[in-house]
$ cat work-v2.cif   # mmCIF, C-alpha atoms
data_work
loop_
_atom_site.group_PDB
_atom_site.id
_atom_site.type_symbol
_atom_site.label_atom_id
_atom_site.label_comp_id
_atom_site.auth_asym_id
_atom_site.auth_seq_id
_atom_site.Cartn_x
_atom_site.Cartn_y
_atom_site.Cartn_z
ATOM 1 C CA MET P 1 -15.029 -27.385 68.934
ATOM 2 C CA ALA P 2 -13.935 -29.322 65.846
ATOM 3 C CA SER P 3 -13.424 -27.364 62.659
ATOM 4 C CA LYS P 4 -15.625 -28.147 59.689
ATOM 5 C CA ILE P 5 -13.816 -29.491 56.675
ATOM 6 C CA PRO P 6 -15.265 -28.134 53.432
ATOM 7 C CA ILE P 7 -16.564 -30.596 50.884
ATOM 8 C CA PRO P 8 -14.639 -30.476 47.590
ATOM 9 C CA ILE P 9 -16.384 -28.560 44.832
ATOM 10 C CA PRO P 10 -17.935 -30.822 42.188
ATOM 11 C CA LEU P 11 -15.891 -31.746 39.144
ATOM 12 C CA GLU P 12 -16.437 -29.159 36.418
ATOM 13 C CA THR P 13 -16.786 -31.063 33.156
ATOM 14 C CA GLY P 14 -16.708 -28.073 30.807
ATOM 15 C CA SER P 15 -13.548 -26.552 29.434
ATOM 16 C CA ASN P 16 -10.128 -27.731 30.632
ATOM 17 C CA LEU P 17 -11.370 -31.043 31.977
ATOM 18 C CA SER P 18 -7.819 -32.261 32.599
ATOM 19 C CA LEU P 19 -6.958 -29.376 34.930
ATOM 20 C CA ASN P 20 -10.362 -29.526 36.640
ATOM 21 C CA TRP P 21 -9.876 -33.256 37.278
ATOM 22 C CA LYS P 22 -6.428 -32.712 38.780
ATOM 23 C CA ARG P 23 -7.876 -30.077 41.135
ATOM 24 C CA PHE P 24 -10.813 -32.277 42.096
ATOM 25 C CA GLN P 25 -8.598 -35.315 42.635
ATOM 26 C CA ARG P 26 -6.234 -33.355 44.905
ATOM 27 C CA ALA P 27 -9.184 -31.939 46.889
ATOM 28 C CA TRP P 28 -10.719 -35.411 47.158
ATOM 29 C CA LYS P 29 -7.490 -36.958 48.480
ATOM 30 C CA ASN P 30 -7.145 -34.219 51.083
ATOM 31 C CA TYR P 31 -10.805 -34.536 52.043
ATOM 32 C CA GLU P 32 -10.495 -38.291 52.515
ATOM 33 C CA ILE P 33 -7.508 -37.844 54.796
ATOM 34 C CA ALA P 34 -8.840 -34.877 56.769
ATOM 35 C CA THR P 35 -12.234 -36.477 57.446
ATOM 36 C CA LYS P 36 -10.751 -39.932 58.075
ATOM 37 C CA LEU P 37 -13.043 -41.166 55.299
ATOM 38 C CA LYS P 38 -10.157 -43.299 54.047
ATOM 39 C CA GLU P 39 -10.622 -45.471 57.152
ATOM 40 C CA LYS P 40 -14.272 -46.206 56.289
ATOM 41 C CA SER P 41 -15.577 -49.052 54.158
ATOM 42 C CA ASN P 42 -15.294 -48.892 50.381
ATOM 43 C CA ASP P 43 -19.097 -48.579 50.118
ATOM 44 C CA VAL P 44 -19.118 -45.426 52.267
ATOM 45 C CA ARG P 45 -16.123 -43.964 50.442
ATOM 46 C CA LEU P 46 -17.636 -44.654 46.999
ATOM 47 C CA ALA P 47 -21.043 -43.267 47.955
ATOM 48 C CA THR P 48 -19.366 -40.125 49.313
ATOM 49 C CA LEU P 49 -17.263 -39.697 46.184
ATOM 50 C CA LEU P 50 -20.307 -40.064 43.939
ATOM 51 C CA ALA P 51 -22.319 -37.652 46.070
ATOM 52 C CA ILE P 52 -19.582 -35.021 45.965
ATOM 53 C CA ILE P 53 -18.398 -35.352 42.363
ATOM 54 C CA GLY P 54 -21.489 -33.632 40.954
ATOM 55 C CA SER P 55 -24.337 -34.494 38.587
ATOM 56 C CA GLU P 56 -22.422 -33.846 35.336
ATOM 57 C CA ALA P 57 -19.560 -36.092 36.440
ATOM 58 C CA HIS P 58 -22.072 -38.652 37.688
ATOM 59 C CA GLU P 59 -23.400 -38.908 34.135
ATOM 60 C CA ILE P 60 -19.837 -39.628 32.973
ATOM 61 C CA TYR P 61 -19.620 -42.273 35.701
ATOM 62 C CA ASP P 62 -22.843 -43.881 34.467
ATOM 63 C CA GLY P 63 -21.345 -44.011 30.966
ATOM 64 C CA MET P 64 -18.121 -45.578 32.215
ATOM 65 C CA PHE P 65 -19.913 -48.108 34.408
ATOM 66 C CA PRO P 66 -23.364 -48.773 32.883
ATOM 67 C CA THR P 67 -24.120 -51.691 35.195
ATOM 68 C CA GLU P 68 -24.255 -51.761 38.961
ATOM 69 C CA ASN P 69 -21.259 -53.413 40.581
ATOM 70 C CA GLU P 70 -21.162 -53.334 44.319
ATOM 71 C CA ASP P 71 -17.571 -54.589 44.347
ATOM 72 C CA ARG P 72 -16.238 -51.545 42.450
ATOM 73 C CA SER P 73 -13.489 -49.840 44.444
ATOM 74 C CA VAL P 74 -12.953 -46.118 44.905
ATOM 75 C CA GLU P 75 -9.500 -46.562 43.389
ATOM 76 C CA GLU P 76 -11.039 -48.173 40.289
ATOM 77 C CA VAL P 77 -13.451 -45.263 39.867
ATOM 78 C CA ILE P 78 -10.708 -42.665 40.410
ATOM 79 C CA SER P 79 -8.534 -44.448 37.844
ATOM 80 C CA ALA P 80 -11.386 -44.532 35.303
ATOM 81 C CA PHE P 81 -12.051 -40.809 35.783
ATOM 82 C CA HIS P 82 -8.337 -40.099 35.461
ATOM 83 C CA THR P 83 -8.195 -41.940 32.144
ATOM 84 C CA PHE P 84 -11.371 -40.240 30.910
ATOM 85 C CA CYS P 85 -10.365 -36.711 31.952
ATOM 86 C CA ILE P 86 -6.675 -36.783 31.136
ATOM 87 C CA GLY P 87 -6.268 -39.700 28.787
ATOM 88 C CA LYS P 88 -3.017 -41.467 28.226
ATOM 89 C CA THR P 89 -0.025 -39.249 28.873
ATOM 90 C CA ASN P 90 2.482 -38.864 26.058
ATOM 91 C CA GLU P 91 5.615 -39.306 28.154
ATOM 92 C CA THR P 92 7.936 -38.238 25.333
ATOM 93 C CA TYR P 93 6.035 -34.971 24.878
ATOM 94 C CA GLU P 94 5.903 -34.312 28.638
ATOM 95 C CA ARG P 95 9.655 -34.868 28.930
ATOM 96 C CA PHE P 96 10.272 -32.641 25.920
ATOM 97 C CA MET P 97 8.292 -29.830 27.589
ATOM 98 C CA PHE P 98 10.223 -30.337 30.832
ATOM 99 C CA ASN P 99 13.618 -30.371 29.141
ATOM 100 C CA MET P 100 12.904 -27.322 26.996
ATOM 101 C CA ARG P 101 11.805 -25.214 29.965
ATOM 102 C CA VAL P 102 14.219 -22.422 30.794
ATOM 103 C CA GLN P 103 13.873 -19.569 33.239
ATOM 104 C CA LYS P 104 11.910 -16.728 31.673
ATOM 105 C CA GLU P 105 12.957 -13.110 31.735
ATOM 106 C CA HIS P 106 11.949 -11.570 35.102
ATOM 107 C CA GLU P 107 10.860 -14.985 36.440
ATOM 108 C CA THR P 108 12.008 -15.658 39.998
ATOM 109 C CA ILE P 109 13.943 -18.805 40.788
ATOM 110 C CA ASP P 110 11.079 -19.899 43.064
ATOM 111 C CA THR P 111 8.559 -19.608 40.221
ATOM 112 C CA TYR P 112 10.905 -21.396 37.829
ATOM 113 C CA TYR P 113 11.401 -24.201 40.355
ATOM 114 C CA ALA P 114 7.628 -24.511 40.924
ATOM 115 C CA GLU P 115 7.022 -24.750 37.178
ATOM 116 C CA LEU P 116 9.702 -27.422 36.791
ATOM 117 C CA ARG P 117 8.219 -29.377 39.700
ATOM 118 C CA LYS P 118 4.787 -29.210 38.044
ATOM 119 C CA LEU P 119 6.131 -30.281 34.637
ATOM 120 C CA ALA P 120 8.122 -33.161 36.149
ATOM 121 C CA LYS P 121 4.995 -34.715 37.675
ATOM 122 C CA THR P 122 3.833 -35.972 34.271
ATOM 123 C CA CYS P 123 7.254 -37.215 33.107
ATOM 124 C CA ASN P 124 7.361 -40.469 35.063
ATOM 125 C CA TYR P 125 10.901 -39.779 36.292
ATOM 126 C CA GLU P 126 10.184 -41.505 39.611
ATOM 127 C CA SER P 127 13.284 -41.568 41.859
ATOM 128 C CA LEU P 128 15.285 -39.378 39.448
ATOM 129 C CA GLU P 129 12.813 -36.483 39.616
ATOM 130 C CA ASP P 130 14.721 -34.316 42.123
ATOM 131 C CA ASN P 131 18.049 -34.848 40.346
ATOM 132 C CA LEU P 132 16.567 -33.985 36.965
ATOM 133 C CA ILE P 133 14.907 -30.843 38.331
ATOM 134 C CA ARG P 134 18.252 -29.833 39.840
ATOM 135 C CA ASP P 135 19.958 -30.369 36.487
ATOM 136 C CA ARG P 136 17.219 -28.467 34.644
ATOM 137 C CA ILE P 137 17.695 -25.512 37.013
ATOM 138 C CA VAL P 138 21.449 -25.495 36.402
ATOM 139 C CA ILE P 139 20.959 -25.692 32.630
ATOM 140 C CA GLY P 140 17.986 -23.350 32.337
ATOM 141 C CA ILE P 141 18.798 -20.586 34.795
ATOM 142 C CA LYS P 142 19.276 -17.132 33.201
ATOM 143 C CA SER P 143 22.236 -16.013 35.310
ATOM 144 C CA GLU P 144 25.570 -17.289 34.016
ATOM 145 C CA GLU P 145 27.225 -16.186 37.260
ATOM 146 C CA PHE P 146 24.792 -18.187 39.377
ATOM 147 C CA ARG P 147 25.178 -21.210 37.055
ATOM 148 C CA ARG P 148 28.971 -21.094 37.542
ATOM 149 C CA LYS P 149 28.521 -21.028 41.319
ATOM 150 C CA LEU P 150 26.161 -24.006 41.170
ATOM 151 C CA LEU P 151 28.563 -25.971 38.975
ATOM 152 C CA GLU P 152 31.375 -25.486 41.512
ATOM 153 C CA HIS P 153 29.576 -27.820 43.926
ATOM 154 C CA SER P 154 30.279 -31.486 43.236
ATOM 155 C CA ASP P 155 27.612 -32.533 45.759
ATOM 156 C CA LEU P 156 24.887 -30.111 44.626
ATOM 157 C CA THR P 157 21.407 -31.183 45.665
ATOM 158 C CA LEU P 158 18.037 -29.731 44.951
#
$ encode --input "work-v2.cif" --output "structure tokens"
Amino acid sequence: MASKIPIPIPLETGSNLSLNWKRFQRAWKNYEIATKLKEKSNDVRLATLLAIIGSEAHEIYDGMFPTENEDRSVEEVISAFHTFCIGKTNETYERFMFNMRVQKEHETIDTYYAELRKLAKTCNYESLEDNLIRDRIVIGIKSEEFRRKLLEHSDLTL
């Protein structure tokens, strides 16, 4: 018996729209993969997205695309929602936040790493991301003893 894959919850358009969009977008991507929806036609994918996204978000969609366009792609709609919900990212600010992040008192290394990983996602570091997270850990870790041990390795990787 095949397991049922839950439908993503509709996009909440109230407070913290940026975070709600990121959650919805991640759920949508996983849903498309798990249900093999990504293999279907654009029309089926778009209709499914618009059925799932919720009535409040559908009103936003109608404002973004006031005329019917049957050639509109799912990727185009996702991109428009991304711009609407998050806006243009201030890369300099995002990198500042990443580079200022140090390990907090009583914060585990795993939590610190997870926070750095999350912050790095909006920095547009691309192929340097892992190296910069590694460097940020070395610089921002609370334990001087552990930092010394990390710095002893010339081939240190994340």
$ residues_around --input "work-v2.cif" --residues "Gln103 in chain P" --least-positions-apart "2" --cutoff "12 Å" --atoms "only C-alpha atoms" --output "ChimeraX atom specification"
/P:98-101,105-116,136-144
$ write_last_selection --input "work-v2.cif" --atoms "C-alpha atoms" --output "compact mmCIF listing (two decimals), in the coordinates of the input"
# COMPACT_ATOMS: atom_id res chain seq x y z
CA PHE P 98 10.22 -30.34 30.83
CA ASN P 99 13.62 -30.37 29.14
CA MET P 100 12.90 -27.32 27.00
CA ARG P 101 11.80 -25.21 29.96
CA GLU P 105 12.96 -13.11 31.74
CA HIS P 106 11.95 -11.57 35.10
CA GLU P 107 10.86 -14.98 36.44
CA THR P 108 12.01 -15.66 40.00
CA ILE P 109 13.94 -18.80 40.79
CA ASP P 110 11.08 -19.90 43.06
CA THR P 111 8.56 -19.61 40.22
CA TYR P 112 10.90 -21.40 37.83
CA TYR P 113 11.40 -24.20 40.35
CA ALA P 114 7.63 -24.51 40.92
CA GLU P 115 7.02 -24.75 37.18
CA LEU P 116 9.70 -27.42 36.79
CA ARG P 136 17.22 -28.47 34.64
CA ILE P 137 17.70 -25.51 37.01
CA VAL P 138 21.45 -25.50 36.40
CA ILE P 139 20.96 -25.69 32.63
CA GLY P 140 17.99 -23.35 32.34
CA ILE P 141 18.80 -20.59 34.80
CA LYS P 142 19.28 -17.13 33.20
CA SER P 143 22.24 -16.01 35.31
CA GLU P 144 25.57 -17.29 34.02
$ closest_residue --input "work-v2.cif" --among "P:Trp21, P:Ile33, P:Glu152, P:Ala120" --to "Glu94 in chain P" --atoms "all atoms listed in the file"
P:Ala120
$ residues_around --input "work-v2.cif" --residues "range 62-77 of chain P" --least-positions-apart "4" --cutoff "9 Å" --atoms "all atoms listed in the file" --output "PyMOL selection string"
chain P and resi 42-43+45-46+49+57-58+81-82+84
$ atom_distance --input "work-v2.cif" --atom1 "CA of Lys36 in chain P" --atom2 "CA of Ala80 in chain P"
23.2 Å
$ residues_around --input "work-v2.cif" --residues "Gln25 in chain P" --least-positions-apart "6" --cutoff "12 Å" --atoms "all atoms listed in the file" --output "VMD selection string"
chain P and resid 8 to 12 17 to 19 31 to 32 49 52 to 53 74 to 75 77 to 79 81 to 82 85 to 86
$ closest_residue --input "work-v2.cif" --among "P:Ala34, P:Ala27, P:Ile60, P:Leu158" --to "Leu128 in chain P" --atoms "only C-alpha atoms"
P:Leu158
$ atom_distance --input "work-v2.cif" --atom1 "CA of Phe24 in chain P" --atom2 "CA of Met97 in chain P"
24.1 Å
$ resolve_selection --input "work-v2.cif" --expression "the PyMOL selection byres ((chain P and resi 91) around 8)" --output "number ranges by chain"
P: 89-90, 92-95, 122-124
$ atom_distance --input "work-v2.cif" --atom1 "CA of Leu156 in chain P" --atom2 "CA of Arg134 in chain P"
8.2 Å
$ closest_residue --input "work-v2.cif" --among "P:Glu145, P:Leu37, P:Asn131, P:Lys88" --to "Ile7 in chain P" --atoms "only C-alpha atoms"
P:Leu37
